[in-house]
$ cat upload05.txt   # compact mmCIF, C-alpha atoms and all ligand atoms
# COMPACT_ATOMS: atom_id res chain seq x y z
CA MET A 1 -3.70 -9.55 15.67
CA GLY A 2 -1.58 -12.61 15.18
CA ASP A 3 -4.93 -13.93 16.54
CA ASP A 4 -7.13 -16.63 15.03
CA LEU A 5 -8.58 -14.42 12.31
CA PRO A 6 -6.99 -14.86 8.88
CA GLY A 7 -4.21 -12.58 7.75
CA THR A 8 -5.01 -10.18 4.98
CA LEU A 9 -3.63 -7.82 2.38
CA VAL A 10 -4.41 -4.18 3.03
CA VAL A 11 -3.66 -1.81 0.17
CA LEU A 12 -3.10 1.76 1.30
CA SER A 13 -3.07 4.26 -1.53
CA GLY A 14 -3.42 7.99 -1.82
CA PRO A 15 -1.66 11.06 -3.15
CA SER A 16 1.93 11.87 -2.28
CA GLY A 17 1.99 13.77 1.00
CA VAL A 18 -1.35 12.48 2.29
CA GLY A 19 0.36 10.64 5.15
CA LYS A 20 0.34 6.99 3.97
CA THR A 21 3.72 6.21 5.52
CA THR A 22 2.76 7.71 8.88
CA VAL A 23 -0.59 5.90 8.97
CA ALA A 24 1.11 2.61 8.04
CA GLN A 25 3.74 3.11 10.76
CA ARG A 26 1.04 3.79 13.40
CA LEU A 27 -0.73 0.58 12.43
CA VAL A 28 2.52 -1.39 12.65
CA ASP A 29 3.18 0.15 16.09
CA ARG A 30 -0.19 -0.99 17.42
CA GLY A 31 0.67 -4.61 16.54
CA GLY A 32 -0.71 -7.21 14.16
CA TYR A 33 0.43 -5.33 11.05
CA VAL A 34 3.56 -5.63 8.95
CA ARG A 35 4.50 -3.30 6.16
CA SER A 36 5.55 -4.81 2.87
CA VAL A 37 8.88 -3.36 1.75
CA SER A 38 8.67 -2.55 -1.95
CA VAL A 39 11.49 -2.79 -4.44
CA THR A 40 12.15 0.32 -6.50
CA THR A 41 14.53 1.62 -9.14
CA ARG A 42 14.30 5.18 -7.86
CA GLN A 43 17.17 6.87 -6.01
CA ARG A 44 17.32 6.59 -2.25
CA ARG A 45 16.33 9.85 -0.55
CA GLU A 46 18.28 11.25 2.34
CA GLY A 47 17.18 9.57 5.56
CA GLU A 48 15.80 6.48 3.82
CA VAL A 49 17.22 3.10 4.80
CA ASP A 50 17.73 0.36 2.21
CA GLY A 51 15.69 -2.71 3.21
CA LEU A 52 13.49 -0.71 5.56
CA ASP A 53 11.87 2.01 3.48
CA TYR A 54 12.44 0.29 0.15
CA ARG A 55 14.83 -2.22 -1.37
CA PHE A 56 16.67 -0.05 -3.86
CA ILE A 57 17.53 -2.19 -6.88
CA THR A 58 18.69 -1.77 -10.46
CA HIS A 59 16.49 -1.90 -13.51
CA ALA A 60 17.95 -5.30 -14.44
CA GLU A 61 17.25 -6.73 -10.97
CA PHE A 62 13.69 -5.45 -11.20
CA GLU A 63 13.15 -7.11 -14.55
CA GLN A 64 14.52 -10.39 -13.17
CA LEU A 65 12.01 -10.36 -10.30
CA GLN A 66 9.23 -9.74 -12.79
CA ALA A 67 10.42 -12.52 -15.09
CA ASP A 68 10.52 -14.93 -12.13
CA GLY A 69 6.91 -14.09 -11.27
CA GLU A 70 8.04 -12.93 -7.85
CA LEU A 71 6.10 -9.64 -7.76
CA VAL A 72 2.52 -9.37 -6.50
CA GLU A 73 2.16 -6.19 -8.54
CA SER A 74 4.32 -3.55 -10.12
CA ALA A 75 3.92 -0.08 -11.57
CA GLU A 76 5.79 2.82 -13.03
CA VAL A 77 5.29 5.91 -10.89
CA HIS A 78 6.85 9.28 -11.76
CA GLY A 79 9.11 7.49 -14.28
CA LYS A 80 10.48 4.90 -11.82
CA LEU A 81 9.57 1.24 -11.26
CA TYR A 82 8.04 0.00 -8.01
CA GLY A 83 6.91 -3.48 -7.03
CA THR A 84 5.74 -5.68 -4.14
CA PRO A 85 7.76 -8.89 -3.66
CA LYS A 86 5.64 -11.99 -3.03
CA GLU A 87 7.61 -13.82 -0.37
CA PRO A 88 7.25 -11.35 2.55
CA VAL A 89 3.52 -11.15 1.81
CA ARG A 90 3.22 -14.95 2.00
CA GLN A 91 5.09 -14.96 5.31
CA ALA A 92 2.86 -12.26 6.79
CA LEU A 93 -0.31 -14.10 5.78
CA ARG A 94 0.97 -17.33 7.29
CA ARG A 95 1.49 -15.46 10.58
CA HIS A 96 -2.11 -14.15 10.45
CA MET A 97 -0.88 -10.59 10.10
CA ALA A 98 -2.41 -7.76 8.11
CA CYS A 99 0.17 -6.99 5.44
CA LEU A 100 0.14 -3.32 4.47
CA LEU A 101 0.91 -2.53 0.84
CA VAL A 102 1.60 1.20 0.54
CA ILE A 103 1.26 1.39 -3.21
CA ASP A 104 -0.28 3.52 -5.95
CA VAL A 105 -3.73 3.00 -7.46
CA TYR A 106 -2.41 0.98 -10.42
CA GLY A 107 -0.88 -1.43 -7.94
CA GLY A 108 -4.21 -1.57 -6.11
CA GLN A 109 -5.92 -2.32 -9.39
CA GLN A 110 -3.60 -5.29 -9.99
CA VAL A 111 -4.13 -6.67 -6.49
CA ARG A 112 -7.89 -6.42 -7.04
CA GLY A 113 -7.46 -8.10 -10.43
CA HIS A 114 -5.68 -11.11 -8.88
CA GLY A 115 -8.86 -11.91 -6.98
CA TYR A 116 -7.15 -11.75 -3.59
CA ASP A 117 -9.54 -11.15 -0.74
CA SER A 118 -7.82 -7.87 0.02
CA LEU A 119 -9.00 -4.59 1.48
CA LEU A 120 -8.29 -1.49 -0.57
CA VAL A 121 -8.21 1.81 1.32
CA PHE A 122 -7.72 5.18 -0.32
CA LEU A 123 -6.42 7.93 1.94
CA ALA A 124 -7.59 11.36 0.89
CA PRO A 125 -6.33 14.75 2.07
CA PRO A 126 -8.83 17.16 3.67
CA ASP A 127 -8.29 19.37 0.60
CA GLN A 128 -5.84 20.05 -2.22
CA SER A 129 -4.24 23.14 -0.66
CA GLU A 130 -3.45 21.18 2.52
CA LEU A 131 -1.75 18.57 0.36
CA ALA A 132 0.31 21.20 -1.47
CA LYS A 133 1.37 22.60 1.91
CA ARG A 134 2.42 19.17 3.23
CA LEU A 135 4.43 18.41 0.10
CA ALA A 136 6.24 21.75 0.32
CA GLN A 137 6.95 21.23 4.04
CA ARG A 138 8.26 17.72 3.46
CA GLY A 139 10.73 19.24 1.04
CA THR A 140 11.78 15.91 -0.50
CA GLU A 141 10.85 16.98 -4.04
CA ASP A 142 11.72 20.08 -6.00
CA TYR A 143 9.03 22.43 -7.31
CA ALA A 144 8.55 20.62 -10.64
CA GLN A 145 8.23 17.25 -8.93
CA GLN A 146 5.74 18.65 -6.41
CA THR A 147 3.62 20.00 -9.26
CA ARG A 148 3.66 16.65 -11.08
CA ARG A 149 2.54 14.89 -7.92
CA LEU A 150 -0.30 17.35 -7.35
CA GLN A 151 -1.47 16.97 -10.95
CA ARG A 152 -1.79 13.21 -10.45
CA VAL A 153 -4.24 13.52 -7.55
CA GLU A 154 -7.42 13.90 -9.56
CA MET A 155 -6.58 10.87 -11.71
CA GLU A 156 -5.84 8.76 -8.62
CA VAL A 157 -9.13 9.67 -6.92
CA ARG A 158 -11.08 8.88 -10.11
CA LEU A 159 -9.34 5.54 -10.67
CA ALA A 160 -9.75 4.52 -7.01
CA ALA A 161 -13.50 5.03 -7.39
CA GLU A 162 -13.58 2.89 -10.55
CA ILE A 163 -11.47 -0.06 -9.32
CA PRO A 164 -13.29 0.17 -6.79
CA TYR A 165 -11.45 0.71 -3.53
CA ASN A 166 -13.40 -0.49 -0.49
CA HIS A 167 -13.04 2.65 1.60
CA LEU A 168 -12.08 6.27 1.24
CA VAL A 169 -10.70 7.59 4.52
CA VAL A 170 -9.93 11.28 4.98
CA ASN A 171 -6.69 11.92 6.83
CA ASP A 172 -7.76 15.11 8.58
CA ASN A 173 -6.72 13.80 11.98
CA LEU A 174 -4.08 11.11 12.28
CA GLU A 175 -5.45 9.25 15.33
CA ARG A 176 -8.99 9.20 13.97
CA CYS A 177 -7.78 8.11 10.54
CA VAL A 178 -5.68 5.24 11.96
CA ALA A 179 -8.58 4.08 14.16
CA GLU A 180 -10.94 4.11 11.18
CA VAL A 181 -8.59 2.09 8.97
CA HIS A 182 -8.03 -0.42 11.79
CA GLN A 183 -11.78 -0.83 12.26
CA HIS A 184 -12.24 -1.53 8.54
CA VAL A 185 -9.42 -4.09 8.66
CA GLN A 186 -10.91 -5.94 11.62
CA GLU A 187 -14.34 -6.09 10.00
CA HIS A 188 -12.76 -7.36 6.80
CA ARG A 189 -10.86 -10.09 8.65
CA ARG A 190 -14.05 -11.25 10.33
CA ARG A 191 -15.69 -11.56 6.91
CA LEU A 192 -12.64 -13.49 5.68
CA GLN A 193 -13.00 -15.88 8.57
CA GLU A 194 -16.52 -16.69 7.40
CA ARG A 195 -15.40 -17.18 3.79
CA LYS A 196 -12.57 -19.40 4.87
CA ALA A 197 -14.93 -21.47 7.00
CA ALA A 198 -17.09 -21.86 3.88
CA GLY A 199 -14.05 -23.35 2.10
CA GLN A 200 -13.19 -20.44 -0.19
CA THR A 201 -9.63 -19.80 -1.40
CA LEU A 202 -8.69 -16.36 -0.12
CA TYR A 203 -5.46 -15.75 -2.06
CA PRO A 204 -5.49 -17.58 -5.38
CA GLY A 205 -2.03 -17.67 -6.95
CA LEU A 206 -0.06 -16.95 -3.80
CA GLU A 207 0.31 -20.74 -3.45
CA MET A 208 0.26 -20.85 0.27
CA ASP A 209 -1.50 -22.46 3.14
CA THR A 210 -3.19 -19.80 5.30
CA ALA A 211 -4.47 -22.28 7.85
P1 LIG B 1 7.71 7.58 -3.33
O1 LIG B 1 8.71 7.58 -4.43
O2 LIG B 1 7.23 8.97 -2.98
O3 LIG B 1 8.17 6.82 -2.11
O4 LIG B 1 6.43 6.80 -3.86
C1 LIG B 1 5.79 7.23 -5.01
C2 LIG B 1 4.51 6.43 -5.20
O5 LIG B 1 4.84 5.06 -5.48
C3 LIG B 1 3.59 6.43 -3.99
O6 LIG B 1 2.26 6.66 -4.44
C4 LIG B 1 3.73 5.04 -3.47
O7 LIG B 1 2.56 4.61 -2.81
C5 LIG B 1 3.97 4.25 -4.73
N1 LIG B 1 4.61 2.96 -4.48
C6 LIG B 1 5.57 2.66 -3.58
N2 LIG B 1 5.88 1.36 -3.61
C7 LIG B 1 5.08 0.81 -4.56
C8 LIG B 1 4.90 -0.54 -5.04
O8 LIG B 1 5.53 -1.49 -4.63
N3 LIG B 1 3.98 -0.70 -6.03
C9 LIG B 1 3.25 0.32 -6.53
N4 LIG B 1 2.35 0.04 -7.45
N5 LIG B 1 3.38 1.59 -6.08
C10 LIG B 1 4.28 1.83 -5.11

$ encode --input "upload05.txt" --output "structure tokens"
Amino acid sequence: MGDDLPGTLVVLSGPSGVGKTTVAQRLVDRGGYVRSVSVTTRQRREGEVDGLDYRFITHAEFEQLQADGELVESAEVHGKLYGTPKEPVRQALRRHMACLLVIDVYGGQQVRGHGYDSLLVFLAPPDQSELAKRLAQRGTEDYAQQTRRLQRVEMEVRLAAEIPYNHLVVNDNLERCVAEVHQHVQEHRRRLQERKAAGQTLYPGLEMDTA
């Protein structure tokens, strides 16, 4: 990408442990994609880099960003605040990149609600037991946290269907899953090109020139 097709917002949601981060990284590696770095009030986990995985900020800083209208969307997940800053998204769109938002379904709902011409993809695990296994192997949450995350799955799948998300992609095989998401993104960008040619505003409220 970075080609003539318009940039776009791609929301990637799905349960904890489904592989969203890995899929997003593979897309970035193939070129034409940037990953939006969210701000969060949660603690940094071991191995995470501030500014790369997240921008770790205080509650007060988060509220300031919200008050300034500088968040595309925000949500409380597992008792912590998460949000997508606007400016990096604007920059990515100007560069005709696909900007990946790895966010929860409530965030996806807000992006949809803004009327942005975005693509919403829900990544689903092959089955619940596989997800439980991956969460346990990852070992970044204790037992109680793992259980809370697993209990959320059903709600997320239901809400994604209602919003509605554009595509549900099963992450049973990483390469196949990445290829499928990429194909959906390219088709979406070609449709955007047609809408743009017809004079439609693709990202109302982001106050930017996507020419
Ligand atoms: P984690 O704490 O495991 O990194 O993320 C927990 C959940 O928060 C995941 O479902 C993740 O997609 C979601 N999340 C991360 N950043 C954002 C964001 O900026 N906005 C929203 N709405 N959700 C986010």

$ closest_residue --input "upload05.txt" --among "A:Glu73, A:His78, A:Val23, A:Asp29" --to "Ala144 in chain A" --atoms "only C-alpha atoms"
A:His78

$ atom_distance --input "upload05.txt" --atom1 "atom O4 of ligand LIG 1 (chain B)" --atom2 "CA of Leu192 in chain A"
29.4 Å

$ residues_near_ligand --input "upload05.txt" --ligand "ligand LIG 1 (chain B)" --cutoff "9 Å" --atoms "all atoms listed in the file" --output "PyMOL selection string"
chain A and resi 12-17+20-21+36-40+42-45+53-54+71-78+80-85+101-110+140-141+149

$ atom_distance --input "upload05.txt" --atom1 "CA of Arg190 in chain A" --atom2 "CA of Ala124 in chain A"
25.3 Å

$ closest_residue --input "upload05.txt" --among "A:Val181, A:Leu174, A:Val121, A:Met97" --to "Arg35 in chain A" --atoms "all atoms listed in the file"
A:Met97

$ residues_near_point --input "upload05.txt" --point "(6.7, 21.7, -1.0)" --cutoff "12 Å" --atoms "only C-alpha atoms" --output "PDB file with C-alpha atoms, in the frame of the given file"
ATOM      1  CA  SER A  16       1.930  11.870  -2.280  1.00  0.00           C
ATOM      2  CA  GLY A  17       1.990  13.770   1.000  1.00  0.00           C
ATOM      3  CA  SER A 129      -4.240  23.140  -0.660  1.00  0.00           C
ATOM      4  CA  GLU A 130      -3.450  21.180   2.520  1.00  0.00           C
ATOM      5  CA  LEU A 131      -1.750  18.570   0.360  1.00  0.00           C
ATOM      6  CA  ALA A 132       0.310  21.200  -1.470  1.00  0.00           C
ATOM      7  CA  LYS A 133       1.370  22.600   1.910  1.00  0.00           C
ATOM      8  CA  ARG A 134       2.420  19.170   3.230  1.00  0.00           C
ATOM      9  CA  LEU A 135       4.430  18.410   0.100  1.00  0.00           C
ATOM     10  CA  ALA A 136       6.240  21.750   0.320  1.00  0.00           C
ATOM     11  CA  GLN A 137       6.950  21.230   4.040  1.00  0.00           C
ATOM     12  CA  ARG A 138       8.260  17.720   3.460  1.00  0.00           C
ATOM     13  CA  GLY A 139      10.730  19.240   1.040  1.00  0.00           C
ATOM     14  CA  THR A 140      11.780  15.910  -0.500  1.00  0.00           C
ATOM     15  CA  GLU A 141      10.850  16.980  -4.040  1.00  0.00           C
ATOM     16  CA  ASP A 142      11.720  20.080  -6.000  1.00  0.00           C
ATOM     17  CA  TYR A 143       9.030  22.430  -7.310  1.00  0.00           C
ATOM     18  CA  ALA A 144       8.550  20.620 -10.640  1.00  0.00           C
ATOM     19  CA  GLN A 145       8.230  17.250  -8.930  1.00  0.00           C
ATOM     20  CA  GLN A 146       5.740  18.650  -6.410  1.00  0.00           C
ATOM     21  CA  THR A 147       3.620  20.000  -9.260  1.00  0.00           C
ATOM     22  CA  ARG A 148       3.660  16.650 -11.080  1.00  0.00           C
ATOM     23  CA  ARG A 149       2.540  14.890  -7.920  1.00  0.00           C
ATOM     24  CA  LEU A 150      -0.300  17.350  -7.350  1.00  0.00           C
TER      25      LEU A 150
END

$ residues_around --input "upload05.txt" --residues "Glu180 in chain A" --least-positions-apart "3" --cutoff "10 Å" --atoms "only C-alpha atoms" --output "PyMOL selection string"
chain A and resi 167+169-171+174-177+183-185

$ atom_distance --input "upload05.txt" --atom1 "CA of Gly113 in chain A" --atom2 "CA of Thr8 in chain A"
15.7 Å

$ closest_residue --input "upload05.txt" --among "A:Leu206, A:Leu168, A:Val157, A:Cys99" --to "Pro6 in chain A" --atoms "only C-alpha atoms"
A:Cys99

$ closest_residue --input "upload05.txt" --among "A:Leu202, A:Val18, A:Val10, A:Val178" --to "His114 in chain A" --atoms "only C-alpha atoms"
A:Leu202

$ closest_residue --input "upload05.txt" --among "A:Glu156, A:Glu87, A:Asp117, A:Asp3" --to "Gln200 in chain A" --atoms "only C-alpha atoms"
A:Asp117

$ axis_aligned_box --input "upload05.txt" --around "range 102-111 of chain A" --padding-each-side "3 Å" --output "lines of an AutoDock Vina configuration file"
center_x = -2.2
center_y = -1.6
center_z = -4.9
size_x = 13.5
size_y = 16.2
size_z = 17.0
